[in-house]
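Text of run.tsv (TSV, C-alpha atoms and all ligand atoms) as supplied:
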```
chain	number	residue	atom	x	y	z
A	1	MET	CA	12.63	-37.45	21.01
A	2	MET	CA	11.65	-36.77	17.41
A	3	GLY	CA	14.92	-34.99	16.73
A	4	GLY	CA	16.34	-31.67	17.71
A	5	PHE	CA	19.22	-29.32	17.46
A	6	GLY	CA	21.77	-27.79	19.74
A	7	PHE	CA	25.25	-26.36	19.83
A	8	ALA	CA	28.64	-27.44	21.07
A	9	ASP	CA	31.88	-25.53	21.17
A	10	GLU	CA	34.86	-26.73	19.16
A	11	ASP	CA	36.62	-28.58	21.99
A	12	SER	CA	33.47	-30.41	22.95
A	13	TYR	CA	32.87	-31.29	19.32
A	14	LYS	CA	36.37	-32.78	18.97
A	15	GLU	CA	35.89	-34.80	22.10
A	16	TRP	CA	32.58	-36.06	20.82
A	17	THR	CA	34.06	-37.12	17.50
A	18	ASN	CA	36.82	-38.98	19.35
A	19	LYS	CA	34.90	-40.57	22.19
A	20	LYS	CA	31.22	-40.15	21.30
A	21	ASP	CA	30.95	-38.88	24.87
A	22	PRO	CA	27.33	-37.78	25.30
A	23	VAL	CA	28.12	-35.28	28.04
A	24	SER	CA	30.14	-33.12	25.68
A	25	ILE	CA	27.21	-32.40	23.40
A	26	GLY	CA	25.10	-31.33	26.32
A	27	CYS	CA	23.20	-28.16	25.77
A	28	LEU	CA	19.91	-26.92	27.04
A	29	THR	CA	17.19	-25.04	25.24
A	30	ARG	CA	14.51	-23.23	27.20
A	31	LEU	CA	11.36	-21.53	26.02
A	32	VAL	CA	11.41	-18.16	27.76
A	33	PHE	CA	8.38	-15.97	28.42
A	34	LEU	CA	9.03	-12.34	29.27
A	35	LYS	CA	6.26	-10.04	30.39
A	36	SER	CA	6.86	-6.32	30.05
A	37	LYS	CA	6.32	-4.34	33.24
A	38	ASP	CA	5.36	-1.34	31.09
A	39	ASP	CA	2.60	-2.65	28.87
A	40	GLY	CA	2.13	-6.24	29.97
A	41	LYS	CA	3.15	-7.47	26.53
A	42	ILE	CA	4.56	-10.98	26.49
A	43	ILE	CA	7.41	-11.97	24.22
A	44	ASN	CA	8.74	-15.46	23.98
A	45	PHE	CA	11.81	-16.95	22.43
A	46	LEU	CA	14.19	-19.86	22.70
A	47	MET	CA	17.32	-19.67	24.84
A	48	THR	CA	20.00	-22.27	24.20
A	49	ILE	CA	22.79	-22.62	26.73
A	50	VAL	CA	25.95	-24.27	25.42
A	51	GLY	CA	28.71	-25.03	27.87
A	52	ASP	CA	32.30	-25.17	26.70
A	53	ASN	CA	34.47	-28.24	27.29
A	54	ASN	CA	36.02	-27.00	30.55
A	55	TYR	CA	32.56	-26.30	31.91
A	56	HIS	CA	31.33	-29.78	31.05
A	57	HIS	CA	34.27	-31.37	32.84
A	58	ASP	CA	33.78	-29.26	35.95
A	59	LYS	CA	32.03	-31.57	38.40
A	60	ALA	CA	30.10	-28.61	39.85
A	61	SER	CA	28.45	-27.85	36.50
A	62	GLN	CA	24.73	-28.30	36.20
A	63	LEU	CA	23.39	-26.90	32.96
A	64	SER	CA	19.81	-26.84	34.21
A	65	LYS	CA	20.73	-24.34	36.92
A	66	ASN	CA	21.14	-21.68	34.26
A	67	SER	CA	18.09	-19.59	33.46
A	68	TYR	CA	17.37	-16.42	31.55
A	69	LEU	CA	17.95	-14.27	34.61
A	70	SER	CA	20.79	-16.10	36.28
A	71	LYS	CA	23.79	-18.15	35.26
A	72	GLU	CA	26.07	-20.39	37.29
A	73	LYS	CA	29.19	-18.67	38.62
A	74	ASN	CA	31.37	-21.11	36.73
A	75	PHE	CA	29.38	-21.04	33.50
A	76	SER	CA	31.55	-20.67	30.42
A	77	GLY	CA	30.24	-21.07	26.92
A	78	TYR	CA	27.59	-19.51	24.79
A	79	VAL	CA	23.99	-18.45	25.14
A	80	PHE	CA	22.12	-18.26	21.82
A	81	TYR	CA	18.69	-16.76	21.30
A	82	HIS	CA	16.33	-17.86	18.53
A	83	ASP	CA	12.84	-16.70	17.76
A	84	LEU	CA	10.01	-19.23	17.76
A	85	ASN	CA	10.53	-19.89	14.06
A	86	GLY	CA	14.05	-21.03	14.81
A	87	ASN	CA	15.76	-17.96	13.37
A	88	PHE	CA	18.90	-16.92	15.15
A	89	VAL	CA	18.48	-13.55	16.85
A	90	ASN	CA	21.54	-12.89	18.98
A	91	GLY	CA	23.98	-14.56	21.33
A	92	TRP	CA	26.52	-14.00	24.05
A	93	LYS	CA	29.84	-15.55	25.03
A	94	TYR	CA	30.31	-16.19	28.76
A	95	GLU	CA	33.37	-16.81	30.85
A	96	LYS	CA	33.01	-17.72	34.53
A	97	GLY	CA	29.41	-16.54	34.66
A	98	SER	CA	29.98	-13.18	32.98
A	99	VAL	CA	29.28	-11.93	29.48
A	100	VAL	CA	32.52	-11.26	27.67
A	101	ALA	CA	31.36	-10.81	24.08
A	102	LYS	CA	28.38	-10.52	21.84
A	103	THR	CA	28.07	-13.30	19.33
A	104	THR	CA	26.82	-13.11	15.80
A	105	MET	CA	26.44	-16.12	13.58
A	106	THR	CA	27.89	-15.21	10.24
A	107	LYS	CA	27.57	-18.38	8.23
A	108	GLY	CA	26.47	-21.96	8.36
A	109	GLY	CA	23.33	-23.76	9.33
A	110	ASN	CA	21.15	-21.65	7.05
A	111	ILE	CA	21.60	-18.74	9.38
A	112	PRO	CA	21.72	-15.46	7.49
A	113	THR	CA	24.94	-13.52	7.49
A	114	GLN	CA	24.91	-10.51	9.73
A	115	LEU	CA	27.53	-7.82	9.66
A	116	LYS	CA	28.77	-6.32	12.88
A	117	LEU	CA	31.37	-3.62	13.09
A	118	ALA	CA	33.09	-3.61	16.41
A	119	THR	CA	36.41	-2.83	17.92
A	120	THR	CA	37.45	-6.35	18.69
A	121	CYS	CA	35.95	-9.30	16.91
A	122	THR	CA	37.17	-12.85	16.83
A	123	GLU	CA	35.77	-15.52	14.60
A	124	SER	CA	35.29	-18.99	15.97
A	125	THR	CA	33.37	-22.08	15.08
A	126	VAL	CA	30.69	-23.79	17.07
A	127	TYR	CA	29.03	-26.97	15.99
A	128	LYS	CA	25.33	-27.23	15.54
A	129	TRP	CA	24.18	-30.73	16.16
A	130	ILE	CA	21.14	-32.15	14.52
A	131	THR	CA	19.41	-35.36	15.46
A	132	PHE	CA	17.09	-37.22	13.14
A	133	THR	CA	14.80	-40.01	14.10
A	134	THR	CA	15.25	-42.79	11.63
A	135	GLY	CA	12.88	-45.44	12.92
A	136	TRP	CA	10.37	-46.39	15.55
A	137	TYR	CA	10.11	-49.72	17.31
A	138	GLN	CA	7.31	-50.95	19.45
A	139	THR	CA	8.51	-53.19	22.22
A	140	SER	CA	6.92	-55.17	24.96
A	141	ASN	CA	8.93	-55.27	28.13
A	142	THR	CA	8.72	-55.25	31.82
A	143	TYR	CA	6.97	-51.89	31.88
A	144	GLU	CA	3.24	-51.79	31.65
A	145	GLY	CA	1.80	-50.50	28.46
A	146	THR	CA	3.67	-49.87	25.32
A	147	MET	CA	6.91	-48.08	24.87
A	148	TYR	CA	8.23	-46.55	21.74
A	149	LEU	CA	11.93	-46.37	21.09
A	150	SER	CA	13.51	-44.48	18.33
A	151	GLU	CA	16.78	-45.00	16.60
A	152	GLU	CA	18.48	-41.69	16.18
A	153	THR	CA	21.26	-40.38	14.04
A	154	SER	CA	23.16	-37.32	15.17
A	155	PHE	CA	25.58	-35.24	13.19
A	156	TYR	CA	27.19	-31.84	13.39
A	157	VAL	CA	27.11	-28.81	11.13
A	158	PRO	CA	29.88	-26.26	11.72
A	159	VAL	CA	28.59	-22.74	12.30
A	160	THR	CA	30.93	-19.78	12.26
A	161	THR	CA	30.36	-17.19	14.93
A	162	THR	CA	31.89	-13.79	15.44
A	163	SER	CA	32.26	-12.58	18.98
A	164	CYS	CA	32.87	-8.91	19.55
A	165	THR	CA	33.79	-6.86	22.57
A	166	GLY	CA	33.63	-3.11	22.87
A	167	ASP	CA	31.48	-1.00	20.64
A	168	GLY	CA	31.61	-0.29	16.98
A	169	GLY	CA	32.54	3.35	17.20
A	170	GLY	CA	31.07	6.15	15.12
A	171	GLY	CA	29.86	6.35	11.59
A	172	GLY	CA	26.47	4.90	12.28
A	173	SER	CA	27.78	1.41	12.83
A	174	PRO	CA	25.77	-0.70	15.22
A	175	THR	CA	26.84	-0.40	18.80
A	176	VAL	CA	27.71	-3.64	20.49
A	177	THR	CA	27.12	-3.29	24.17
A	178	VAL	CA	28.51	-6.13	26.20
A	179	SER	CA	26.41	-6.09	29.30
A	180	THR	CA	23.07	-7.77	29.58
A	181	GLY	CA	23.45	-11.16	27.98
A	182	GLY	CA	19.76	-10.87	27.16
A	183	TYR	CA	17.48	-11.39	24.22
A	184	SER	CA	17.77	-8.43	21.87
A	185	PRO	CA	15.74	-8.86	18.74
A	186	ILE	CA	16.24	-6.39	15.94
A	187	PRO	CA	13.20	-4.11	16.15
A	188	SER	CA	10.71	-5.01	13.48
A	189	PRO	CA	10.30	-2.32	10.83
A	190	PRO	CA	7.38	0.09	11.32
A	191	PRO	CA	4.22	-0.89	9.48
A	192	PRO	CA	3.85	0.68	6.03
A	193	PRO	CA	1.94	3.96	6.04
A	194	PRO	CA	-1.74	3.66	5.17
A	195	PRO	CA	-2.52	4.29	1.51
A	196	PRO	CA	-3.28	7.98	0.82
A	197	LEU	CA	-6.93	8.92	0.90
A	198	LEU	CA	-8.47	8.86	-2.52
A	199	THR	CA	-8.50	12.37	-3.93
A	200	LYS	CA	-11.68	13.58	-5.56
A	201	LEU	CA	-9.83	13.61	-8.84
A	202	SER	CA	-8.75	9.99	-8.57
A	203	LYS	CA	-12.38	8.88	-8.69
A	204	ILE	CA	-12.74	10.02	-12.26
A	205	GLU	CA	-9.22	9.85	-13.64
A	206	ASN	CA	-7.75	7.13	-15.74
A	207	VAL	CA	-4.43	8.17	-17.26
A	208	ASN	CA	-3.31	11.56	-16.02
A	209	SER	CA	-0.26	12.93	-17.84
A	210	LEU	CA	-0.26	16.30	-16.07
A	211	ASP	CA	2.78	17.33	-14.07
A	212	GLN	CA	2.45	17.83	-10.32
A	213	THR	CA	1.78	21.59	-10.57
A	214	GLN	CA	-0.92	21.00	-13.17
A	215	LYS	CA	-2.43	18.18	-11.12
A	216	ASN	CA	-2.66	20.53	-8.13
A	217	LEU	CA	-4.41	23.16	-10.29
A	218	LEU	CA	-6.79	20.52	-11.60
A	219	GLU	CA	-7.62	19.31	-8.09
A	220	THR	CA	-8.24	22.93	-7.03
A	221	ALA	CA	-10.51	23.56	-10.03
A	222	LEU	CA	-12.43	20.37	-9.32
A	223	ASN	CA	-12.91	21.33	-5.68
A	224	GLU	CA	-14.24	24.71	-6.80
A	225	LEU	CA	-16.81	22.93	-8.96
A	226	ILE	CA	-17.82	20.56	-6.21
A	227	ASN	CA	-18.16	23.43	-3.74
A	228	MET	CA	-20.68	25.07	-6.07
A	229	GLY	CA	-23.20	22.57	-4.78
A	230	CYS	CA	-25.66	20.32	-6.46
A	231	LEU	CA	-25.74	22.04	-9.84
A	232	GLY	CA	-22.02	22.69	-10.15
A	233	ALA	CA	-21.04	19.25	-8.95
A	234	ALA	CA	-23.65	17.53	-11.11
A	235	SER	CA	-21.41	16.40	-13.97
A	236	TYR	CA	-18.66	15.29	-11.60
A	237	ASN	CA	-21.16	13.37	-9.47
A	238	ASN	CA	-22.63	11.84	-12.60
A	239	LEU	CA	-19.19	10.54	-13.66
A	240	VAL	CA	-18.54	9.12	-10.19
A	241	GLN	CA	-21.96	7.47	-10.00
A	242	THR	CA	-21.61	5.88	-13.42
A	243	GLY	CA	-18.02	4.81	-12.75
A	244	THR	CA	-16.79	6.80	-15.74
A	245	LYS	CA	-13.06	7.50	-15.84
A	246	ILE	CA	-11.31	9.76	-18.27
A	247	ASN	CA	-7.76	10.73	-19.21
A	248	PHE	CA	-6.27	14.15	-18.52
A	249	ALA	CA	-3.66	15.85	-20.71
A	250	VAL	CA	-2.21	19.28	-21.41
A	251	GLY	CA	-1.24	20.54	-24.87
A	252	GLY	CA	-4.20	20.65	-27.23
A	253	GLY	CA	-5.39	22.98	-29.94
A	254	GLU	CA	-8.24	24.63	-28.04
A	255	THR	CA	-8.66	26.19	-24.64
A	256	ALA	CA	-9.95	22.87	-23.40
A	257	SER	CA	-11.61	19.96	-25.15
A	258	TYR	CA	-12.95	16.50	-24.50
A	259	ASP	CA	-12.26	13.95	-27.22
A	260	PRO	CA	-14.79	11.08	-27.11
A	261	SER	CA	-12.63	8.91	-29.40
A	262	ASN	CA	-9.96	8.47	-26.73
A	263	LYS	CA	-11.85	9.66	-23.62
A	264	THR	CA	-9.31	12.41	-23.04
A	265	LEU	CA	-9.84	15.87	-21.59
A	266	THR	CA	-7.06	18.13	-22.90
A	267	PHE	CA	-6.25	21.60	-21.60
A	268	PHE	CA	-4.46	23.94	-24.00
A	269	ASN	CA	-1.88	24.92	-21.39
A	270	THR	CA	-1.39	25.23	-17.65
A	271	SER	CA	-3.36	28.47	-17.39
A	272	SER	CA	-6.39	26.90	-19.06
A	273	ILE	CA	-6.82	24.48	-16.13
A	274	THR	CA	-9.79	26.35	-14.66
A	275	SER	CA	-13.05	25.33	-13.03
A	276	GLY	CA	-15.01	26.89	-15.92
A	277	ASN	CA	-13.25	24.81	-18.56
A	278	LEU	CA	-13.49	21.76	-16.35
A	279	GLN	CA	-17.21	22.31	-15.90
A	280	GLU	CA	-17.92	22.16	-19.62
A	281	GLU	CA	-15.54	19.32	-20.46
A	282	LEU	CA	-16.68	17.08	-17.60
A	283	PHE	CA	-20.20	17.61	-18.87
A	284	HIS	CA	-19.06	16.48	-22.34
A	285	ALA	CA	-17.53	13.38	-20.73
A	286	ALA	CA	-20.83	12.72	-18.97
A	287	GLN	CA	-22.66	13.10	-22.32
A	288	ASP	CA	-20.27	10.63	-23.91
A	289	ALA	CA	-21.07	8.08	-21.22
A	290	TYR	CA	-24.80	8.85	-21.21
A	291	TYR	CA	-25.90	8.89	-24.84
A	292	PRO	CA	-26.17	5.49	-26.56
A	293	GLY	CA	-23.12	4.80	-28.70
A	294	GLY	CA	-21.22	7.73	-27.14
A	295	THR	CA	-20.77	11.15	-28.66
A	296	ASN	CA	-17.95	10.41	-31.09
A	297	GLN	CA	-20.68	9.85	-33.72
A	298	TYR	CA	-21.64	13.53	-33.37
A	299	ARG	CA	-18.42	15.15	-34.51
A	300	ASN	CA	-20.28	16.70	-37.44
A	301	VAL	CA	-24.05	16.09	-37.58
A	302	GLY	CA	-25.29	16.48	-34.00
A	303	PHE	CA	-22.29	18.52	-32.84
A	304	SER	CA	-24.60	21.51	-32.34
A	305	ASN	CA	-26.89	19.39	-30.15
A	306	ILE	CA	-24.01	18.28	-27.95
A	307	GLU	CA	-22.62	21.79	-27.57
A	308	PHE	CA	-26.04	23.36	-27.05
A	309	GLU	CA	-26.70	21.14	-24.06
A	310	ALA	CA	-23.24	21.79	-22.59
A	311	LYS	CA	-23.62	25.59	-22.89
A	312	LEU	CA	-27.10	25.45	-21.40
A	313	TYR	CA	-25.73	23.47	-18.46
A	314	ARG	CA	-23.01	26.06	-17.84
A	315	ASP	CA	-25.40	29.00	-18.06
A	316	ILE	CA	-27.86	27.32	-15.67
A	317	VAL	CA	-25.13	26.67	-13.12
A	318	ASN	CA	-23.48	30.07	-13.42
A	319	ILE	CA	-26.63	32.18	-13.28
A	320	GLY	CA	-25.75	34.27	-16.25
A	321	CYS	CA	-25.65	34.73	-19.91
A	322	CYS	CA	-24.01	33.49	-21.75
A	323	THR	CA	-21.75	30.90	-23.02
A	324	MET	CA	-24.63	30.12	-25.38
A	325	PHE	CA	-24.58	33.50	-27.14
A	326	PRO	CA	-21.15	35.07	-26.70
A	327	ARG	CA	-21.36	37.42	-29.68
A	328	LEU	CA	-22.25	41.04	-29.00
A	329	ASP	CA	-24.37	41.21	-32.15
A	330	THR	CA	-26.84	38.63	-30.86
A	331	PRO	CA	-30.30	40.33	-30.70
A	332	THR	CA	-30.98	41.54	-27.17
A	333	GLU	CA	-34.49	40.06	-27.08
A	334	ILE	CA	-33.04	36.59	-27.89
A	335	VAL	CA	-30.48	36.95	-25.12
A	336	ASN	CA	-33.11	38.11	-22.62
A	337	GLU	CA	-35.50	35.33	-23.51
A	338	TYR	CA	-32.70	32.80	-23.16
A	339	PHE	CA	-31.74	34.22	-19.76
A	340	LEU	CA	-35.31	33.78	-18.48
A	341	MET	CA	-35.49	30.27	-19.89
A	342	ALA	CA	-32.21	29.25	-18.20
A	343	ASP	CA	-33.48	30.77	-14.97
A	344	GLN	CA	-36.59	28.58	-15.19
A	345	PHE	CA	-34.32	25.54	-15.29
A	346	ARG	CA	-32.42	26.75	-12.31
A	347	THR	CA	-35.29	27.71	-10.05
A	348	ASN	CA	-37.62	24.85	-10.96
A	349	GLY	CA	-34.98	22.15	-10.81
A	350	TYR	CA	-35.46	21.36	-14.44
A	351	THR	CA	-37.80	22.10	-17.28
A	352	SER	CA	-38.34	19.61	-20.01
A	353	PHE	CA	-38.25	21.12	-23.49
A	354	THR	CA	-40.92	20.18	-25.96
A	355	PRO	CA	-39.29	19.02	-29.21
A	356	THR	CA	-40.46	22.25	-30.86
A	357	THR	CA	-38.94	24.52	-28.21
A	358	TYR	CA	-35.79	22.46	-28.08
A	359	ASN	CA	-35.27	22.69	-31.84
A	360	LEU	CA	-36.04	26.40	-31.81
A	361	TRP	CA	-33.24	27.05	-29.31
A	362	VAL	CA	-30.73	24.76	-31.02
A	363	ASP	CA	-31.43	26.59	-34.29
A	364	ARG	CA	-30.89	29.96	-32.59
A	365	PHE	CA	-27.61	28.63	-31.11
A	366	ARG	CA	-26.47	27.62	-34.61
A	367	THR	CA	-27.64	30.88	-36.17
A	368	TYR	CA	-26.02	33.25	-33.70
A	369	ASN	CA	-22.67	31.43	-33.67
A	370	PRO	CA	-21.97	31.65	-37.39
A	371	GLY	CA	-18.76	30.28	-38.82
A	372	THR	CA	-18.10	28.11	-35.77
A	373	PRO	CA	-18.52	24.33	-35.21
A	374	TYR	CA	-21.66	25.27	-33.20
A	375	ALA	CA	-23.36	25.94	-36.52
A	376	LEU	CA	-22.91	22.33	-37.68
A	377	PRO	CA	-26.10	20.36	-38.57
A	378	LYS	CA	-28.45	18.99	-35.92
A	379	SER	CA	-29.08	15.28	-35.39
A	380	ALA	CA	-32.57	13.83	-35.34
A	381	ASN	CA	-31.48	11.72	-32.34
A	382	PHE	CA	-32.09	14.69	-30.03
A	383	ASN	CA	-35.33	16.45	-29.25
A	384	THR	CA	-34.76	17.51	-25.68
A	385	THR	CA	-31.97	17.87	-23.11
A	386	THR	CA	-32.31	14.50	-21.43
A	387	LEU	CA	-28.94	14.47	-19.66
A	388	ILE	CA	-29.51	17.86	-18.03
A	389	ASN	CA	-32.96	16.72	-17.00
A	390	SER	CA	-31.64	13.60	-15.36
A	391	MET	CA	-28.62	15.31	-13.75
A	392	LEU	CA	-30.38	18.37	-12.39
A	393	GLY	CA	-33.73	16.78	-11.57
A	394	GLY	CA	-32.72	16.28	-7.95
A	395	CYS	CA	-31.26	19.74	-7.47
A	396	THR	CA	-33.20	22.55	-5.84
A	397	GLN	CA	-31.71	25.95	-5.37
B	1	ZN	ZN	-18.01	22.22	-25.53
```

For this file, write the structure as structure tokens.
Amino acid sequence: MMGGFGFADEDSYKEWTNKKDPVSIGCLTRLVFLKSKDDGKIINFLMTIVGDNNYHHDKASQLSKNSYLSKEKNFSGYVFYHDLNGNFVNGWKYEKGSVVAKTTMTKGGNIPTQLKLATTCTESTVYKWITFTTGWYQTSNTYEGTMYLSEETSFYVPVTTTSCTGDGGGGGSPTVTVSTGGYSPIPSPPPPPPPPLLTKLSKIENVNSLDQTQKNLLETALNELINMGCLGAASYNNLVQTGTKINFAVGGGETASYDPSNKTLTFFNTSSITSGNLQEELFHAAQDAYYPGGTNQYRNVGFSNIEFEAKLYRDIVNIGCCTMFPRLDTPTEIVNEYFLMADQFRTNGYTSFTPTTYNLWVDRFRTYNPGTPYALPKSANFNTTTLINSMLGGCTQ
């Protein structure tokens, strides 16, 4: 053999150390296959039968007669179960062929300590023997062929066991049932739950500092946008398609704002977490990702271009007027003309502005929102609404 391990009880161990009597270290390990009658599943494990000293000196004893399902009538000793990795699982103490206690290894032999609470427990020591092969010799002899002999060294490691009878009583302590003498592995823990499905929000969020209530409102608002269909979902879909992620926060100076310098969408407070605010600010995030160099360069010159396009997007989606011209003193003919123009975008998918028309409308936006940031200077970098054109080009109402 290449080496092995087994167990002996204390009396057998003492006899072995005195006499080196090989019979007293006798133990038998079997590989057991069990097939479940219910589901046909097969489990296998190692069963080691260790006779005590009296058993070994009983002339009638024959270790090999003991199997998983039956034991000799005179069998006294231990039965230990290990899994196929060699880890101790459980064990039983027998006297005259019957189980009298459940055995737990508590220390020694690299076997992890297990705690058992039970009415009656006694600690005892068994000896784990280990054999190492220290050399191989090739010999020629009277047998045909070649025979290999090994020189072996055996030694013992004491292993403390605790044998308990009765059960552990209440209080959630494990129940020790002395009955079967069988293999009783600790049930393996249930598999971890599958990761939660990605929420729609998680596809576009980076750092989200909202509390759970606010996050729920945000998810609701986002779903409202997405349910509006192709036009309403356009800026969200654009962010997802371009892999753009932004931060979400609450506690800013305006109703809602998107800051391109730190990619953060900030709601003023909990009640400003609405689909309307989200619609405009997600569009600003999409602009930031779309226009070369981002939109942080347009905090002053070009701010009117950025806002003009965002308001136009909202008015196209919402079939109305107007976030573009909110003041009541805006000339009615301007408002009406704008309404028809936005409707053209909506019904035709998109309409590309000529630079002249584009600049005319941006100037009107600046003029009729006096004293606001919307009146800030235009940038020469814009002469049409290219992001709207690319986002809405595939949408038909
Ligand atoms: Zn805006």

| task | For range 86-99 of chain A, please output as a ChimeraX atom specification all residues within 8 Å (counting all atoms listed in the file; exclusion window: fewer than 2 positions along the same chain). | result | /A:46,71-84,101-105,111,163,178-181,183-186

Atom pair CA of Thr264 in chain A + CA of Thr295 in chain A, distance 12.8 Å

**Message:** Need to verify the contact set: Lys215 in chain A, 12 Å, only C-alpha atoms, exclusion of same-chain residues closer than 2 positions in sequence. Can you return it as a count of residues only?
**Reply:** 25

Pick from A:Gln344, A:Gln279, A:Asn296, A:Thr330: nearest to ligand ZN 1 (chain B), with all atoms listed in the file counted?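 Nearest candidate to ligand ZN 1 (chain B) out of A:Gln344, A:Gln279, A:Asn296, A:Thr330: A:Gln279.
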
Here CA of Ala8 in chain A and CA of Asn54 in chain A stand apart by 12.0 Å
